[in-house]
file my_file_19.cif (mmCIF, C-alpha atoms; chains and numbers go by the auth columns)
data_target
loop_
_atom_site.group_PDB
_atom_site.id
_atom_site.type_symbol
_atom_site.label_atom_id
_atom_site.label_comp_id
_atom_site.label_asym_id
_atom_site.label_seq_id
_atom_site.Cartn_x
_atom_site.Cartn_y
_atom_site.Cartn_z
_atom_site.B_iso_or_equiv
_atom_site.auth_seq_id
_atom_site.auth_asym_id
ATOM 1 C CA MET A 1 68.146 152.813 144.737 0.00 6 U
ATOM 2 C CA ALA A 2 70.066 149.973 143.169 0.00 7 U
ATOM 3 C CA ASP A 3 67.752 149.861 140.142 0.00 8 U
ATOM 4 C CA ASP A 4 68.275 153.560 139.403 0.00 9 U
ATOM 5 C CA ARG A 5 72.038 153.106 139.626 0.00 10 U
ATOM 6 C CA GLN A 6 71.913 150.231 137.160 0.00 11 U
ATOM 7 C CA PHE A 7 69.861 152.291 134.705 0.00 12 U
ATOM 8 C CA ASP A 8 72.303 155.185 135.108 0.00 13 U
ATOM 9 C CA GLU A 9 75.195 152.815 134.399 0.00 14 U
ATOM 10 C CA ALA A 10 73.393 151.376 131.378 0.00 15 U
ATOM 11 C CA ASP A 11 72.665 154.875 130.042 0.00 16 U
ATOM 12 C CA ALA A 12 76.307 155.874 130.500 0.00 17 U
ATOM 13 C CA ALA A 13 77.499 152.737 128.693 0.00 18 U
ATOM 14 C CA VAL A 14 75.120 153.372 125.795 0.00 19 U
ATOM 15 C CA THR A 15 76.221 157.004 125.554 0.00 20 U
ATOM 16 C CA GLN A 16 79.862 155.920 125.523 0.00 21 U
ATOM 17 C CA ALA A 17 79.215 153.344 122.779 0.00 22 U
ATOM 18 C CA VAL A 18 77.268 155.796 120.616 0.00 23 U
ATOM 19 C CA THR A 19 79.929 158.469 121.045 0.00 24 U
ATOM 20 C CA ALA A 20 82.638 156.006 119.969 0.00 25 U
ATOM 21 C CA PHE A 21 80.478 154.931 117.026 0.00 26 U
ATOM 22 C CA VAL A 22 79.942 158.495 115.813 0.00 27 U
ATOM 23 C CA THR A 23 83.575 159.460 116.388 0.00 28 U
ATOM 24 C CA GLU A 24 84.750 156.505 114.315 0.00 29 U
ATOM 25 C CA PHE A 25 82.512 157.473 111.412 0.00 30 U
ATOM 26 C CA GLU A 26 83.517 161.126 111.626 0.00 31 U
ATOM 27 C CA SER A 27 87.143 160.017 111.359 0.00 32 U
ATOM 28 C CA MET A 28 86.334 158.505 107.960 0.00 33 U
ATOM 29 C CA TRP A 29 85.230 161.839 106.516 0.00 34 U
ATOM 30 C CA GLY A 30 87.794 163.021 104.011 0.00 35 U
ATOM 31 C CA ARG A 31 89.705 159.725 104.013 0.00 36 U
ATOM 32 C CA TRP A 32 88.594 159.042 100.434 0.00 37 U
ATOM 33 C CA ASP A 33 88.538 161.873 97.921 0.00 38 U
ATOM 34 C CA THR A 34 85.390 160.749 96.118 0.00 39 U
ATOM 35 C CA VAL A 35 83.364 159.571 99.135 0.00 40 U
ATOM 36 C CA ALA A 36 81.171 162.245 100.701 0.00 41 U
ATOM 37 C CA PRO A 37 80.338 162.250 104.426 0.00 42 U
ATOM 38 C CA THR A 38 76.690 161.732 103.494 0.00 43 U
ATOM 39 C CA TYR A 39 77.599 158.421 101.868 0.00 44 U
ATOM 40 C CA ILE A 40 79.365 157.313 105.056 0.00 45 U
ATOM 41 C CA VAL A 41 76.371 158.310 107.185 0.00 46 U
ATOM 42 C CA GLU A 42 73.961 156.508 104.854 0.00 47 U
ATOM 43 C CA SER A 43 76.146 153.406 104.810 0.00 48 U
ATOM 44 C CA ALA A 44 76.276 153.469 108.608 0.00 49 U
ATOM 45 C CA LEU A 45 72.490 153.782 108.815 0.00 50 U
ATOM 46 C CA LEU A 46 71.993 150.906 106.405 0.00 51 U
ATOM 47 C CA GLU A 47 74.385 148.694 108.361 0.00 52 U
ATOM 48 C CA LEU A 48 72.727 149.696 111.620 0.00 53 U
ATOM 49 C CA ALA A 49 69.308 148.947 110.135 0.00 54 U
ATOM 50 C CA THR A 50 70.515 145.504 109.097 0.00 55 U
ATOM 51 C CA GLU A 51 71.980 144.722 112.499 0.00 56 U
ATOM 52 C CA LEU A 52 69.004 146.096 114.429 0.00 57 U
ATOM 53 C CA SER A 53 66.498 144.195 112.330 0.00 58 U
ATOM 54 C CA ALA A 54 68.089 140.997 113.607 0.00 59 U
ATOM 55 C CA LEU A 55 67.178 142.064 117.147 0.00 60 U
ATOM 56 C CA THR A 56 63.501 142.567 116.371 0.00 61 U
ATOM 57 C CA ASP A 57 62.558 138.937 116.834 0.00 62 U
ATOM 58 C CA ASP A 58 64.376 138.797 120.166 0.00 63 U
ATOM 59 C CA ILE A 59 62.679 141.852 121.666 0.00 64 U
ATOM 60 C CA LYS A 60 59.312 142.113 119.934 0.00 65 U
ATOM 61 C CA ASP A 61 57.476 140.568 122.896 0.00 66 U
ATOM 62 C CA VAL A 62 58.907 143.054 125.398 0.00 67 U
ATOM 63 C CA ALA A 63 59.494 146.212 123.355 0.00 68 U
ATOM 64 C CA GLY A 64 57.056 149.058 123.414 0.00 69 U
ATOM 65 C CA PRO A 65 55.141 150.134 120.326 0.00 70 U
ATOM 66 C CA ALA A 66 57.434 153.098 119.635 0.00 71 U
ATOM 67 C CA THR A 67 60.533 150.879 119.671 0.00 72 U
ATOM 68 C CA LEU A 68 58.912 148.382 117.333 0.00 73 U
ATOM 69 C CA LYS A 69 57.828 151.201 115.021 0.00 74 U
ATOM 70 C CA LEU A 70 61.398 152.519 114.905 0.00 75 U
ATOM 71 C CA LEU A 71 62.832 149.058 114.206 0.00 76 U
ATOM 72 C CA ASP A 72 60.243 148.580 111.452 0.00 77 U
ATOM 73 C CA ALA A 73 61.206 151.963 109.993 0.00 78 U
ATOM 74 C CA PHE A 74 64.876 150.929 109.967 0.00 79 U
ATOM 75 C CA ALA A 75 63.959 147.699 108.191 0.00 80 U
ATOM 76 C CA ASP A 76 61.797 149.591 105.676 0.00 81 U
ATOM 77 C CA TYR A 77 64.659 152.031 105.033 0.00 82 U
ATOM 78 C CA ARG A 78 67.086 149.158 104.525 0.00 83 U
ATOM 79 C CA ASP A 79 64.703 147.330 102.201 0.00 84 U
ATOM 80 C CA SER A 80 63.909 150.426 100.133 0.00 85 U
ATOM 81 C CA ARG A 81 67.499 151.107 99.124 0.00 86 U
ATOM 82 C CA PRO A 82 68.824 149.919 95.762 0.00 87 U
ATOM 83 C CA GLU A 83 71.588 147.352 95.868 0.00 88 U
ATOM 84 C CA ASP A 84 74.044 149.446 93.867 0.00 89 U
ATOM 85 C CA ARG A 85 75.604 152.745 94.866 0.00 90 U
#

call {"tool": "encode", "arguments": {"input": "my_file_19.cif", "output": "structure tokens"}}
result
Amino acid sequence: MADDRQFDEADAAVTQAVTAFVTEFESMWGRWDTVAPTYIVESALLELATELSALTDDIKDVAGPATLKLLDAFADYRDSRPEDR
């Protein structure tokens, strides 16, 4: 089926993007003596939450409830963090 092939291609592209994303952040570990990997992960999550929250308005009419709940959780996480380090 053509539709299945397109979903398989989309899944493969997403997997490739996520793998590159994670690999890039892993490469930062140890680059700075005083910056722990947990700080890098948290910074990545906060940035991701900020970027994903911008998508919420575009997809809220077509996204399922679980996706909306996850996007809301990302926004809540972003908004709950203090501004300073």

call {"tool": "residues_around", "arguments": {"input": "my_file_19.cif", "residues": "region 36-51 of chain U", "least_positions_apart": "2", "cutoff": "10 Å", "atoms": "all atoms listed in the file", "output": "PyMOL selection string"}}
result
chain U and resi 26-27+30-34+53-57+79-80+82-84+86+90

call {"tool": "atom_distance", "arguments": {"input": "my_file_19.cif", "atom1": "CA of Val19 (chain U)", "atom2": "CA of Asp66 (chain U)"}}
result
22.0 Å

call {"tool": "atom_distance", "arguments": {"input": "my_file_19.cif", "atom1": "CA of Ala25 (chain U)", "atom2": "CA of Leu75 (chain U)"}}
result
22.1 Å

call {"tool": "atom_distance", "arguments": {"input": "my_file_19.cif", "atom1": "CA of Leu60 (chain U)", "atom2": "CA of Leu76 (chain U)"}}
result
8.7 Å

call {"tool": "closest_residue", "arguments": {"input": "my_file_19.cif", "among": "U:Thr28, U:Thr20, U:Gln11, U:Ser58", "to": "Asp81 (chain U)", "atoms": "all atoms listed in the file"}}
result
U:Ser58
